[in-house]
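Novice: Quick one, input_34.txt (compact mmCIF, C-alpha atoms):
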# COMPACT_ATOMS: atom_id res chain seq x y z
CA MET P 468 0.00 0.00 0.00
CA THR P 469 2.74 2.48 0.93
CA PRO P 470 4.10 3.14 -2.57
CA MET P 471 0.59 3.65 -3.89
CA ILE P 472 -0.25 6.12 -1.12
CA ASP P 473 3.05 7.91 -1.74
CA VAL P 474 2.30 8.21 -5.43
CA VAL P 475 -1.26 9.40 -4.81
CA PHE P 476 -0.08 12.10 -2.44
CA LEU P 477 2.67 13.12 -4.83
CA LEU P 478 0.04 13.45 -7.57
CA ILE P 479 -2.11 15.60 -5.30
CA ILE P 480 0.88 17.85 -4.58
CA PHE P 481 1.67 18.03 -8.30
CA PHE P 482 -1.87 19.14 -9.19
CA LEU P 483 -1.98 21.65 -6.36
CA VAL P 484 1.34 23.16 -7.36
CA THR P 485 0.45 23.38 -11.05
CA SER P 486 -2.92 25.01 -10.31
CA HIS P 487 -1.09 27.38 -7.97
CA LEU P 488 1.36 28.26 -10.75
CA ALA P 489 -1.51 28.77 -13.18
CA LYS P 490 -2.80 31.48 -10.87
CA GLN P 491 0.61 33.13 -10.69
CA GLU P 492 -0.27 35.34 -13.65
CA SER P 493 -2.83 37.16 -11.58
CA GLN P 494 -0.63 37.10 -8.51
CA VAL P 495 1.99 39.62 -9.60
CA GLN P 496 2.56 41.57 -6.40
CA LEU P 497 0.72 44.86 -6.78
CA ALA P 498 -0.82 47.21 -4.22
CA LEU P 499 -4.31 47.04 -5.74
CA PRO P 500 -6.87 49.80 -5.24
CA VAL P 501 -9.31 49.36 -2.38
CA ALA P 502 -13.09 49.26 -2.76
CA ILE P 503 -16.04 48.54 -0.49
CA SER P 504 -18.30 47.23 -3.26
CA GLY P 505 -15.77 44.66 -4.53
CA GLU P 506 -17.44 41.42 -5.52
CA GLU P 507 -16.20 37.91 -4.96
CA ASP P 508 -14.13 36.57 -7.79
CA PRO P 509 -15.79 33.60 -9.49
CA ALA P 510 -13.71 30.54 -10.31
CA LEU P 511 -10.64 31.04 -12.46
CA SER P 512 -12.03 31.72 -15.91
CA SER P 513 -10.35 30.43 -19.03
CA ARG P 514 -11.99 33.27 -20.98
CA ARG P 515 -10.10 35.92 -19.10
CA VAL P 516 -7.06 37.96 -20.06
CA THR P 517 -5.36 39.59 -17.10
CA ILE P 518 -3.38 42.75 -17.76
CA ASN P 519 -1.06 43.87 -14.97
CA VAL P 520 0.03 47.49 -14.76
CA ASN P 521 2.76 48.43 -12.31
CA GLU P 522 3.41 51.85 -10.77
CA SER P 523 5.65 52.85 -13.67
CA GLY P 524 2.88 52.07 -16.14
CA GLU P 525 4.54 48.95 -17.57
CA LEU P 526 2.01 46.47 -18.90
CA THR P 527 2.37 42.70 -18.66
CA ILE P 528 0.18 39.93 -20.01
CA ALA P 529 1.00 36.39 -18.84
CA ASN P 530 4.15 37.76 -17.19
CA ARG P 531 5.43 39.14 -20.49
CA PRO P 532 5.86 42.87 -21.06
CA VAL P 533 3.53 44.40 -23.64
CA LEU P 534 3.70 47.85 -25.20
CA ALA P 535 0.52 49.93 -25.16
CA ALA P 536 0.70 50.10 -28.96
CA GLU P 537 0.58 46.29 -29.18
CA LEU P 538 -2.46 45.95 -26.92
CA GLY P 539 -5.04 46.19 -29.70
CA GLU P 540 -3.40 43.41 -31.65
CA ARG P 541 -3.02 41.20 -28.57
CA LEU P 542 -6.63 41.71 -27.52
CA ALA P 543 -7.89 41.07 -31.05
CA SER P 544 -6.12 37.72 -31.21
CA ALA P 545 -7.33 36.87 -27.68
CA ARG P 546 -10.89 37.71 -28.71
CA GLU P 547 -10.61 35.46 -31.75
CA GLU P 548 -9.42 32.65 -29.53
CA LEU P 549 -11.69 33.13 -26.48
CA GLY P 550 -14.85 34.50 -28.07
CA ASP P 551 -16.86 37.71 -27.82
CA ASP P 552 -17.74 37.27 -24.14
CA MET P 553 -14.11 37.22 -23.02
CA GLU P 554 -13.18 39.16 -19.92
CA VAL P 555 -10.32 41.59 -19.52
CA ARG P 556 -9.16 41.92 -15.92
CA ILE P 557 -7.15 45.04 -15.15
CA ARG P 558 -4.79 44.63 -12.20
CA SER P 559 -3.05 47.90 -11.52
CA SER P 560 -1.27 49.39 -8.59
CA ARG P 561 -3.35 52.03 -6.81
CA LEU P 562 -0.51 54.50 -7.52
CA THR P 563 -0.50 53.93 -11.29
CA PRO P 564 -1.55 57.11 -13.10
CA TYR P 565 -4.92 56.86 -14.86
CA GLY P 566 -3.19 57.81 -18.11
CA ASP P 567 -1.33 54.48 -18.03
CA VAL P 568 -4.51 52.44 -17.60
CA GLN P 569 -6.47 54.43 -20.17
CA PRO P 570 -4.89 52.70 -23.22
CA ILE P 571 -6.21 49.35 -21.95
CA MET P 572 -9.78 50.65 -21.81
CA LEU P 573 -9.38 52.34 -25.17
CA ALA P 574 -8.04 49.13 -26.74
CA CYS P 575 -10.94 47.16 -25.24
CA THR P 576 -13.57 49.54 -26.61
CA LYS P 577 -11.88 49.53 -30.03
CA GLN P 578 -11.86 45.72 -30.06
CA GLY P 579 -15.48 45.53 -28.88
CA ILE P 580 -14.61 43.97 -25.53
CA TRP P 581 -17.08 45.29 -22.98
CA ASN P 582 -16.51 42.88 -20.12
CA VAL P 583 -13.76 44.69 -18.26
CA THR P 584 -13.21 44.17 -14.55
CA TYR P 585 -10.85 45.79 -12.06
CA ALA P 586 -9.05 43.80 -9.40
CA VAL P 587 -9.36 45.38 -5.97
CA TYR P 588 -8.85 44.57 -2.34
CA ARG P 589 -11.98 44.69 -0.25
CA GLN P 590 -12.28 47.47 2.30
CA GLU P 591 -14.73 46.60 5.04
CA GLN P 592 -17.27 49.32 5.83
CA MET D 518 22.09 -18.44 21.25
CA VAL D 519 20.79 -15.07 20.24
CA ARG D 520 17.44 -14.08 21.66
CA ILE D 521 15.08 -11.79 19.90
CA PRO D 522 14.18 -9.01 22.31
CA ALA D 523 10.67 -9.33 23.53
CA GLY D 524 8.30 -6.33 23.40
CA ARG D 525 7.62 -5.20 19.84
CA SER D 526 6.54 -7.95 17.48
CA GLU D 527 7.55 -8.03 13.82
CA SER D 528 4.05 -7.09 12.62
CA ALA D 529 4.11 -3.93 14.75
CA HIS D 530 7.45 -3.01 13.22
CA ASP D 531 5.99 -3.52 9.71
CA PHE D 532 3.01 -1.33 10.60
CA ASP D 533 5.34 1.48 11.70
CA SER D 534 7.39 1.34 8.52
CA THR D 535 4.18 1.35 6.45
CA MET D 536 2.63 4.35 8.17
CA THR D 537 5.68 6.60 8.48
CA PRO D 538 5.95 7.76 4.83
CA MET D 539 2.20 8.42 4.70
CA ILE D 540 2.33 10.55 7.83
CA ASP D 541 5.33 12.40 6.38
CA VAL D 542 3.43 13.22 3.22
CA VAL D 543 0.29 14.25 5.09
CA PHE D 544 2.35 16.69 7.15
CA LEU D 545 3.97 18.00 3.98
CA LEU D 546 0.51 18.59 2.53
CA LEU D 547 -0.60 20.36 5.68
CA ILE D 548 2.44 22.64 5.53
CA PHE D 549 1.74 23.35 1.85
CA PHE D 550 -1.90 24.33 2.52
CA VAL D 551 -1.02 26.49 5.51
CA TRP D 552 1.71 28.21 3.53
CA THR D 553 -0.41 28.92 0.44
CA ALA D 554 -3.46 30.00 2.44
CA GLY D 555 -1.40 32.29 4.61
CA THR D 556 0.47 34.19 1.91
CA GLN D 557 -2.39 35.05 -0.45
CA ILE D 558 -4.54 38.14 0.05
CA VAL D 559 -8.00 37.57 -1.35
CA GLU D 560 -8.75 39.71 -4.38
CA TYR D 561 -12.18 40.99 -5.34
CA LEU D 562 -13.41 42.51 -8.56
CA LEU D 563 -15.28 45.59 -9.64
CA PRO D 564 -17.28 44.84 -12.77
CA GLY D 565 -16.75 47.80 -15.06
CA GLN D 566 -18.86 46.97 -18.07
CA LEU D 567 -17.70 49.32 -20.78
CA SER D 568 -20.40 50.49 -23.14
CA ILE D 569 -20.41 51.73 -26.70
CA GLU D 570 -21.49 55.09 -25.30
CA ALA D 571 -18.41 55.10 -23.08
CA GLY D 572 -16.24 54.69 -26.14
CA ASN D 573 -17.99 57.50 -27.98
CA GLN D 574 -17.97 59.75 -24.97
CA ALA D 575 -14.23 59.84 -25.22
CA ALA D 576 -14.36 62.22 -28.13
CA GLN D 577 -17.23 64.24 -26.70
CA LEU D 578 -15.56 64.75 -23.37
CA ALA D 579 -12.70 66.68 -24.90
CA GLU D 580 -15.11 69.62 -24.62
CA PRO D 581 -16.55 70.65 -21.25
CA VAL D 582 -19.97 69.25 -20.50
CA PRO D 583 -22.70 71.92 -20.25
CA GLU D 584 -23.58 72.73 -16.65
CA GLN D 585 -27.30 72.33 -17.30
CA ASP D 586 -26.89 68.82 -18.66
CA PHE D 587 -28.39 66.83 -15.79
CA ASP D 588 -29.08 63.77 -17.95
CA LYS D 589 -25.67 62.54 -17.07
CA VAL D 590 -23.50 63.19 -14.06
CA VAL D 591 -19.91 64.02 -14.90
CA ILE D 592 -17.45 63.67 -12.05
CA ARG D 593 -14.29 65.57 -12.90
CA LEU D 594 -11.21 64.53 -10.98
CA ARG D 595 -8.25 66.84 -11.42
CA TRP D 596 -4.78 66.39 -10.00
CA ASP D 597 -3.62 69.64 -8.47
CA GLU D 598 -0.07 69.66 -7.09
CA GLY D 599 -0.25 66.12 -5.80
CA LEU D 600 -3.78 66.40 -4.42
CA PRO D 601 -7.13 65.36 -5.90
CA ASP D 602 -9.67 68.02 -6.79
CA TRP D 603 -13.27 66.90 -7.36
CA SER D 604 -16.20 68.52 -9.13
CA ILE D 605 -19.58 67.18 -10.17
CA ASN D 606 -21.17 68.80 -13.23
CA ASN D 607 -18.75 71.70 -12.85
CA GLN D 608 -19.67 72.24 -9.17
CA PRO D 609 -16.43 72.11 -7.15
CA LEU D 610 -16.41 69.90 -4.06
CA ARG D 611 -14.02 70.10 -1.15
CA SER D 612 -13.55 66.47 -0.21
CA ILE D 613 -14.47 62.91 -1.07
CA VAL D 614 -17.09 63.10 1.71
CA ASP D 615 -18.83 65.92 -0.18
CA VAL D 616 -18.63 63.85 -3.37
CA ASP D 617 -20.18 60.92 -1.55
CA ASN D 618 -23.02 63.07 -0.13
CA THR D 619 -23.71 64.65 -3.51
CA LEU D 620 -23.79 61.28 -5.24
CA GLN D 621 -26.21 59.90 -2.67
CA ALA D 622 -28.47 62.94 -3.10
CA LEU D 623 -28.36 62.59 -6.89
CA ALA D 624 -29.08 58.86 -6.68
CA GLN D 625 -32.24 59.58 -4.72
CA ILE D 626 -33.43 61.82 -7.57
CA ASN D 627 -32.45 59.55 -10.46
CA ALA D 628 -30.26 56.50 -9.90
CA ASP D 629 -30.58 55.56 -13.58
CA ALA D 630 -28.59 58.61 -14.68
CA PRO D 631 -25.30 57.62 -16.29
CA ILE D 632 -22.21 58.57 -14.35
CA VAL D 633 -19.10 59.55 -16.27
CA ILE D 634 -15.84 59.68 -14.33
CA HIS D 635 -13.40 61.99 -16.04
CA PRO D 636 -10.01 61.95 -14.32
CA ASP D 637 -6.82 63.72 -15.34
CA ASP D 638 -4.13 61.43 -16.73
CA GLU D 639 -1.94 62.03 -13.66
CA VAL D 640 -4.54 60.91 -11.11
CA PRO D 641 -3.49 57.66 -9.37
CA ILE D 642 -5.96 54.91 -10.25
CA GLY D 643 -6.71 54.39 -6.54
CA PHE D 644 -8.65 57.69 -6.48
CA VAL D 645 -10.47 56.78 -9.71
CA VAL D 646 -11.54 53.40 -8.33
CA GLU D 647 -12.63 55.14 -5.12
CA LEU D 648 -15.03 57.32 -7.17
CA PHE D 649 -16.25 54.29 -9.10
CA ASP D 650 -16.86 52.53 -5.79
CA LYS D 651 -18.73 55.50 -4.27
CA SER D 652 -20.94 55.75 -7.37
CA ARG D 653 -21.84 52.06 -7.17
CA LEU D 654 -22.51 52.29 -3.44
CA ALA D 655 -24.79 55.30 -4.01
CA GLY D 656 -26.89 53.11 -6.30
CA PHE D 657 -25.79 54.16 -9.77
CA SER D 658 -25.51 51.22 -12.14
CA LYS D 659 -24.30 52.97 -15.29
CA VAL D 660 -20.81 54.14 -14.43
CA SER D 661 -18.29 54.69 -17.19
CA PHE D 662 -14.90 56.30 -17.64
CA ALA D 663 -13.96 59.07 -20.01
CA ILE D 664 -11.15 58.06 -22.30
CA ASN D 665 -9.01 60.37 -24.37
CA GLN D 666 -8.79 58.99 -27.90
CA ASP D 667 -5.22 60.25 -28.20
CA SER D 668 -4.00 58.51 -25.04
CA LYS D 669 -0.62 56.88 -25.46
Have the structure of the file written as structure tokens, please.

Specialist:
Amino acid sequence: MTPMIDVVFLLIIFFLVTSHLAKQESQVQLALPVAISGEEDPALSSRRVTINVNESGELTIANRPVLAAELGERLASAREELGDDMEVRIRSSRLTPYGDVQPIMLACTKQGIWNVTYAVYRQEQ
Amino acid sequence: MVRIPAGRSESAHDFDSTMTPMIDVVFLLLIFFVWTAGTQIVEYLLPGQLSIEAGNQAAQLAEPVPEQDFDKVVIRLRWDEGLPDWSINNQPLRSIVDVDNTLQALAQINADAPIVIHPDDEVPIGFVVELFDKSRLAGFSKVSFAINQDSK
């Protein structure tokens, strides 16, 4: 029995670690804005593109840097792949200037992507 | 003649050697769960459905909105020497508390009115999200952002 139990537990650890790594994209350390009306995040969606914006305004998608000028192209190809109801999640530092987040919204509207969400930390009332 | 020490039988010894690796792994799993649960701060989301109007408003908002236009509520957020400066439909407000009170008063009149948040490019997004949050809490459901078409 022991080897089988060992293997089963190793498999469990493997799946947990890989699912943990899959979430790493959205776990880039950022001081997110705070909101009271923040809603619970549903399960990890495969139709979601997460765009991280750090304090200097640098954009990353899937841990790779992206220029603002390339956003339209990237979102267009993502929309082709994921469908019209795809979600764009904006994760930005609370100190990022609005002007650095604006190109993301502009690219979304130009590509016809209306499902845009903002990652926040919940502030209790 | 060698005597086998009495006390622990061979089957008990087998049981120990069978259980030990399993207990090791279970403890490893426990450590893993405690570690992952302890280091992650739970994130929430603010659904910011963009609308076609929001996209078109970008061009319109280059010009100031008429003061008498009460069909939509425009919250202007300027960045003045490192401090935020709020106004609603061109009416200056002193603090975020005044903004909150005004929004709640407006929501009681017409909560269906579209809200347009128009921040300066320099405003940290934390202040913009704060306005978005206050608008939603006041009861407004149509909240959009003004976007400059010529943003970088």

Novice: Show me, as a PyMOL selection string, the residues that have an atom within 10 Å of Val495 in chain P when counting all atoms listed in the file, minus same-chain residues fewer than 6 positions from it.

Specialist: chain P and resi 519-521+527+529-530+558-559

Novice: Using all atoms listed in the file, I'd like a table of the residues in chain D that come within 8 Å of chain P; for each, show the closest atom pair and its distance in Å rounded to one decimal, ordered by chain and ascending number, as CSV.

Specialist:
residue,atom,partner,partner_atom,distance
D:Thr535,CA,P:Thr469,CA,5.8
D:Met536,CA,P:Thr469,CA,7.5
D:Pro538,CA,P:Asp473,CA,7.2
D:Met539,CA,P:Asp473,CA,6.5
D:Val542,CA,P:Phe476,CA,6.8
D:Val543,CA,P:Phe476,CA,7.8
D:Leu546,CA,P:Ile480,CA,7.2
D:Val559,CA,P:Tyr588,CA,7.1
D:Glu560,CA,P:Tyr588,CA,5.3
D:Tyr561,CA,P:Glu507,CA,5.1
D:Leu562,CA,P:Ala586,CA,4.6
D:Leu563,CA,P:Tyr585,CA,5.1
D:Pro564,CA,P:Thr584,CA,4.5
D:Gly565,CA,P:Thr584,CA,5.1
D:Gln566,CA,P:Asn582,CA,5.1
D:Leu567,CA,P:Trp581,CA,4.6
D:Ser568,CA,P:Trp581,CA,6.2
D:Ile569,CA,P:Thr576,CA,7.2
D:Gly572,CA,P:Thr576,CA,5.8
D:Pro636,CA,P:Tyr565,CA,7.2
D:Asp637,CA,P:Tyr565,CA,7.1
D:Asp638,CA,P:Gly566,CA,4.0
D:Glu639,CA,P:Pro564,CA,5.0
D:Val640,CA,P:Pro564,CA,5.2
D:Pro641,CA,P:Pro564,CA,4.2
D:Ile642,CA,P:Tyr565,CA,5.1
D:Gly643,CA,P:Arg561,CA,4.1
D:Phe644,CA,P:Arg561,CA,7.8
D:Val645,CA,P:Tyr565,CA,7.6
D:Val646,CA,P:Pro500,CA,6.7
D:Glu647,CA,P:Ala502,CA,6.4
D:Asp650,CA,P:Ala502,CA,5.8
D:Arg653,CA,P:Ser504,CA,7.2
D:Leu654,CA,P:Ser504,CA,6.6
D:Ile664,CA,P:Gln569,CA,6.3
D:Asn665,CA,P:Gln569,CA,7.7
D:Gln666,CA,P:Leu573,CA,7.2
D:Ser668,CA,P:Pro570,CA,6.2
D:Lys669,CA,P:Pro570,CA,6.4

Novice: Determine the axis-aligned bounding box of all atoms of range 648-657 of chain D present in the file, pad each side by 6 Å, and express its centre and edge lengths in Å to one decimal place as lines of an AutoDock Vina configuration file.

Specialist:
center_x = -21.0
center_y = 54.7
center_z = -6.6
size_x = 23.9
size_y = 17.3
size_z = 18.3

Novice: One number please: CA of Trp603 in chain D to CA of Ser523 in chain P, in Å, one decimal.

Specialist: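 Distance between the two atoms: 24.4 Å.
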
Novice: What's the separation between CA of Gly550 in chain P and CA of Leu538 in chain P, in Å to one decimal place?

Specialist: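 Here the two named atoms are 16.9 Å from each other.
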
Novice: Extract, using all atoms listed in the file, all DNA, RNA and protein residues at most 12 Å from Glu547 in chain P, discarding same-chain residues fewer than 5 positions from it, and format them as a PyMOL selection string.

Specialist: chain P and resi 514+540-542+552-553+578-580

Novice: Restricting the calculation to all atoms listed in the file: of P:Val516, P:Leu534, P:Val475, P:Leu497, which residue gets closest to Arg546 in chain P?

Specialist: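 With all atoms listed in the file as the atom set, the closest residue is P:Val516.
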
Novice: Residues at most 10 Å from Ala628 in chain D, counting only C-alpha atoms, excluding those fewer than 2 positions away in the same chain, as a PyMOL selection string?

Specialist: chain D and resi 620-626+630-632+652-653+655-659
